[in-house]
Amino acid sequence: MHEGPHVPNVMAAQIGSKSRSEHGLGRFTLVGSSGLHADISYSSMPNRSPCTSSAPETLLDLTPSAARGALAEWVTARELPRYRVDQLVARLWQRPVGSWREATELPAALRAELDNVFPLPHLEVATVQVSADGTRKYLWRLRDGEAIESVLIPSGKRRTLCVSSQAGCALGCIFCATGRMGFRRHLTPFEIVGQVRELVLKDVSDKPTNVVFMGMGEPLLNWPAVDRALTILNHPEGLGIGARHITVSTVGILPAMRQLAARPEQFRLAISLHAPSHERRRRLMPIEQKYDLDAVLRTAKAFARRVTPEYVLIAGANDTIEDADLLARHAGQLGALVNLLPLHPGGDPDLSPTAPSRIKTFADRLRNQGVEAVVRRSRGLDIDAACGQLRVRADQSAGMTPDR
C-alpha cells in the first residue's frame with residue numbers, strides 16, 4: 001500500500017479551514033440568582049478555551065461533507081480506490097461502527113490503519129436508569145471527567161431523545177436543577193451528536209425519531225457546535241433525522257436565534273418563556289437582564305416556522321388569570337402552540353408547583369382565547385429525568401454520578 005503524506009496534516013487542513021464556522025457573536029457576563037458568575041463567549045469552536053473540551057477534533061466532529069472531504073484526500077493520497085470514500089463515510093453515521101475493525105467489508109490492514117489515523121471516539125455510559133413509564137436516562141462520562149445526561153422518551157413508534165449541549169449551565173434559572181450545577185464547559189459537536197450515535201451503536205432499534213435540545217445547557221450559547229450538530233443530525237450522510245423532527249429550545253439568545261432562523265432547514269424552535277412579563281420573567285430567569293422578553297418575542301416572530309413557547313407553571317409566580325391573558329396575547333401574535341409544564345423538583349426548594357386544577361384553569365383560559373395549549377405529561381419523574389431535573393454533581397470529577 002502506497003505511503004502518502006502524513007495523514008494528521010490532512011485532517012488539520014480540513015478541520016482548520018473548510019469545516020469551521022466563525023460567528024463572532026460577542027460575549028457577556030451573567031450573574032444568576034444563586035450568585036453564579038459566568039463569562040459567556042459566543043466564539044467559534046477554535047481556539048480551545050477552559051470552557052471547551054481540550055480533546056482534538058475528530059472525523060465525528062465534522063459535518064458529513066467535511067468528513068467526506070478529509071477522507072477523500074486521504075484515500076487519494078493512499079492511492080486507494082475511490083469507492084472506499086463512500087464505504088468510510090457510511091460507517092461514521094449511517095451504519096456506524098464503534099471502531100474501524102468492525103467494518104468487515106474493508107481489508108484488515110486498512111481497518112488497522114484507520115483505527116490508528118482516524119480513531120472513532122466514544123461517550124462512556126456511566127449509568128442507565130429506567131423509569132416505570134419506560135423513560136431512560138443516560139449518564140455519559142466524557143474524556144476529561146465531566147459528565148452529561150440525556151433522556152430517551154418512548155411513545156408508541158416515536159422515540160424522542162433529549163440531548164445536552166453543555167456540561168452544566170450558566171443561566172441560573174431558579175426552577176431548573178441544571179442551573180444549580182453551574183457552567184462547566186461547552187460540548188463539542190461529537191459530544192452532542194454522540195448521544196444519538198451511541199444509542200444506535202448499542203441497538204439500531206433505539207435510534208431516535210425525534211431529537212430535542214432540551215437537556216443540560218443552553219444550546220444557543222454553544223451555537224458553533226450546535227450549528228454543526230444540527231447538520232450532522234439532519235444530513236442524509238449523517239443521521240438522516242428530518243429537520244421537522246429536531247427542536248432547539250432556548251431562553252432567547254438573540255444573535256444565535258437569528259443564525260438559526262437563517263438556516264434553510266425546517267428545524268423547530270421552542271422558547272423557554274416561563275413568564276408573560278419582563279418583571280415576572282426577570283425574577284425567574286436572570287437572562288432577562290440581557291435579552292428581555294419583548295426582544296425575544298420580536299425575534300421569534302421573524303422565525304419562518306411555528307414557534308413553541310414553553311411555560312413551567314409555578315404557584316404564585318406565573319399562574320394567575322392575568323398571566324394567562326398576557327401569555328395568550330403573546331402566543332396569539334406568534335400563532336404559537338403553548339407547552340404548559342408542571343414544576344418538577346430540583347430547582348429552588350422554596351418554589352411550589354401549581355395545583356393540577358389551577359393548571360387546567362390556566363390552560364382553559366388560553367384555549368378560550370383561541371390559543372392552542374397542551375399540558376405536557378411528566379415523564380421519568382421517578383428517575384429525576386423530567387424537564388428541569390437533569391443535574392450532575394459538580395463536586396466530583398471522574399466518578400461523577402447523578403445528583404439525587
# chains A, B, ... in the order shown; residues from 1 in each chain; ligands from 1

$ residues_around --residues "segment 312-316 of chain A" --least-positions-apart "4" --cutoff "9 Å" --atoms "only C-alpha atoms" --output "NGL selection string"
:A and (175 or 272-275 or 320 or 339-344 or 351-355 or 359)

$ select_by_dssp --residues "segment 56-258 of chain A" --states "alpha helix (DSSP H)" --output "PyMOL selection string"
chain A and resi 64-77+83-90+108-117+189-202+223-234+254-258

$ atom_distance --atom1 "atom CA of Pro236 of chain A" --atom2 "atom CA of Pro64 of chain A"
8.6 Å

$ residues_around --residues "Asp227 of chain A" --least-positions-apart "3" --cutoff "10 Å" --atoms "only C-alpha atoms" --output "list in words"
Ser21, Thr63, Pro189, Pro219, Leu220, Asn222, Trp223, Pro224, Leu230, Thr231, Ile232, Ala256, Gln259, Leu260 and Arg263 of chain A

$ write_last_selection --atoms "N, CA and C atoms" --output "compact mmCIF listing (two decimals), in the first residue's frame"
# COMPACT_ATOMS: atom_id res chain seq x y z
N SER A 21 -16.85 27.12 11.50
CA SER A 21 -17.70 28.29 11.31
C SER A 21 -17.23 29.40 12.23
N THR A 63 -18.92 18.00 9.90
CA THR A 63 -20.12 17.73 9.12
C THR A 63 -19.81 16.59 8.16
N PRO A 189 -19.17 19.18 18.89
CA PRO A 189 -20.22 18.60 18.04
C PRO A 189 -20.37 17.10 18.26
N PRO A 219 -28.48 25.65 24.43
CA PRO A 219 -27.90 25.32 23.12
C PRO A 219 -27.34 26.52 22.36
N LEU A 220 -28.02 27.65 22.44
CA LEU A 220 -27.59 28.78 21.62
C LEU A 220 -26.43 29.56 22.22
N ASN A 222 -23.87 27.77 22.85
CA ASN A 222 -22.84 26.92 22.24
C ASN A 222 -23.17 26.77 20.75
N TRP A 223 -23.53 27.89 20.13
CA TRP A 223 -24.06 27.84 18.77
C TRP A 223 -23.12 27.20 17.76
N PRO A 224 -21.82 27.51 17.72
CA PRO A 224 -20.99 26.89 16.68
C PRO A 224 -21.06 25.36 16.70
N LEU A 230 -26.52 20.14 14.31
CA LEU A 230 -27.78 20.11 13.55
C LEU A 230 -27.56 19.56 12.15
N THR A 231 -26.47 19.97 11.52
CA THR A 231 -26.16 19.47 10.18
C THR A 231 -25.91 17.96 10.21
N ILE A 232 -25.15 17.50 11.19
CA ILE A 232 -24.86 16.06 11.28
C ILE A 232 -26.14 15.27 11.52
N ALA A 256 -27.78 34.14 18.14
CA ALA A 256 -27.84 32.78 17.61
C ALA A 256 -29.24 32.41 17.14
N GLN A 259 -29.27 33.40 13.67
CA GLN A 259 -28.49 32.48 12.85
C GLN A 259 -29.27 31.18 12.59
N LEU A 260 -29.97 30.70 13.61
CA LEU A 260 -30.80 29.51 13.42
C LEU A 260 -31.91 29.79 12.43
N ARG A 263 -31.00 29.51 8.74
CA ARG A 263 -30.74 28.21 8.12
C ARG A 263 -31.93 27.81 7.25

$ select_by_dssp --residues "segment 181-242 of chain A" --states "strand (DSSP E)" --output "list in words"
Phe183, Arg184, Arg185, His186, Asn210, Val211, Val212 and Phe213 of chain A

$ write_last_selection --atoms "C-alpha atoms" --output "tab-separated table (two decimals), in the first residue's frame"
chain	number	residue	atom	x	y	z
A	183	PHE	CA	-21.38	26.10	33.97
A	184	ARG	CA	-18.66	23.51	33.35
A	185	ARG	CA	-17.93	23.74	29.62
A	186	HIS	CA	-19.34	23.60	26.11
A	210	ASN	CA	-37.01	12.95	17.23
A	211	VAL	CA	-34.25	14.97	18.89
A	212	VAL	CA	-34.86	17.90	21.23
A	213	PHE	CA	-32.14	20.20	22.56

$ closest_residue --among "A:Pro264, A:Ala373, A:Val151, A:Gly242" --to "Thr127 of chain A" --atoms "only C-alpha atoms"
A:Val151

$ atom_distance --atom1 "atom CA of Arg143 of chain A" --atom2 "atom CA of Leu123 of chain A"
7.9 Å

$ atom_distance --atom1 "atom CA of Leu71 of chain A" --atom2 "atom CA of Thr58 of chain A"
11.7 Å

$ residues_around --residues "Ser277 of chain A" --least-positions-apart "2" --cutoff "9 Å" --atoms "only C-alpha atoms" --output "PDB file with C-alpha atoms, in the first residue's frame"
ATOM      1  CA  ALA A 275     -43.422  34.291  32.424  1.00  0.00           C
ATOM      2  CA  GLU A 279     -40.710  41.783  35.752  1.00  0.00           C
ATOM      3  CA  ARG A 280     -42.002  38.291  36.398  1.00  0.00           C
ATOM      4  CA  ARG A 281     -39.534  36.693  33.977  1.00  0.00           C
ATOM      5  CA  ARG A 282     -36.602  38.598  35.494  1.00  0.00           C
ATOM      6  CA  LEU A 293     -38.995  39.336  26.745  1.00  0.00           C
ATOM      7  CA  ASP A 294     -40.049  41.894  24.150  1.00  0.00           C
ATOM      8  CA  ASP A 323     -50.674  35.823  33.484  1.00  0.00           C
ATOM      9  CA  LEU A 326     -50.959  38.154  28.815  1.00  0.00           C
ATOM     10  CA  LEU A 327     -49.467  34.856  27.647  1.00  0.00           C
TER      11      LEU A 327
END

$ residues_around --residues "Arg101 of chain A" --least-positions-apart "5" --cutoff "10 Å" --atoms "only C-alpha atoms" --output "ChimeraX atom specification"
/A:106-115

$ residues_around --residues "Lys202 of chain A" --least-positions-apart "2" --cutoff "12 Å" --atoms "only C-alpha atoms" --output "list of chain:residue names"
A:Arg95, A:Pro96, A:Val97, A:Gly98, A:His122, A:Leu123, A:Glu124, A:Val125, A:Gln195, A:Val196, A:Arg197, A:Glu198, A:Leu199, A:Val200, A:Val204, A:Ser205, A:Asp206, A:Lys207

$ write_last_selection --atoms "C-alpha atoms" --output "mmCIF file, in the first residue's frame"
data_model
loop_
_atom_site.group_PDB
_atom_site.id
_atom_site.type_symbol
_atom_site.label_atom_id
_atom_site.label_comp_id
_atom_site.auth_asym_id
_atom_site.auth_seq_id
_atom_site.Cartn_x
_atom_site.Cartn_y
_atom_site.Cartn_z
ATOM 1 C CA ARG A 95 -24.195 2.475 9.599
ATOM 2 C CA PRO A 96 -21.919 3.443 12.471
ATOM 3 C CA VAL A 97 -19.188 1.269 13.926
ATOM 4 C CA GLY A 98 -17.560 1.540 17.326
ATOM 5 C CA HIS A 122 -16.946 7.249 22.308
ATOM 6 C CA LEU A 123 -19.122 8.559 25.069
ATOM 7 C CA GLU A 124 -18.826 6.206 28.021
ATOM 8 C CA VAL A 125 -22.102 5.114 29.588
ATOM 9 C CA GLN A 195 -25.523 10.950 22.484
ATOM 10 C CA VAL A 196 -27.553 9.730 19.498
ATOM 11 C CA ARG A 197 -24.778 7.705 17.855
ATOM 12 C CA GLU A 198 -24.050 5.674 20.977
ATOM 13 C CA LEU A 199 -27.688 4.554 21.173
ATOM 14 C CA VAL A 200 -27.594 3.438 17.535
ATOM 15 C CA VAL A 204 -30.304 0.340 15.979
ATOM 16 C CA SER A 205 -33.948 -0.025 17.023
ATOM 17 C CA ASP A 206 -33.270 2.655 19.652
ATOM 18 C CA LYS A 207 -32.406 5.242 17.011
#

$ closest_residue --among "A:Gly252, A:Pro276, A:Gly347, A:Gly217" --to "Gln289 of chain A" --atoms "only C-alpha atoms"
A:Gly252

$ residues_around --residues "Val338 of chain A" --least-positions-apart "3" --cutoff "8 Å" --atoms "only C-alpha atoms" --output "list in words"
Thr308, Pro309, Glu310, Tyr311, Ala331, Val371, Glu372, Ala373 and Val374 of chain A

$ closest_residue --among "A:Val130, A:Leu60, A:Met181, A:Ala77" --to "Val89 of chain A" --atoms "only C-alpha atoms"
A:Leu60

$ closest_residue --among "A:Leu221, A:Leu142, A:Leu62, A:Cys173" --to "His235 of chain A" --atoms "only C-alpha atoms"
A:Leu62
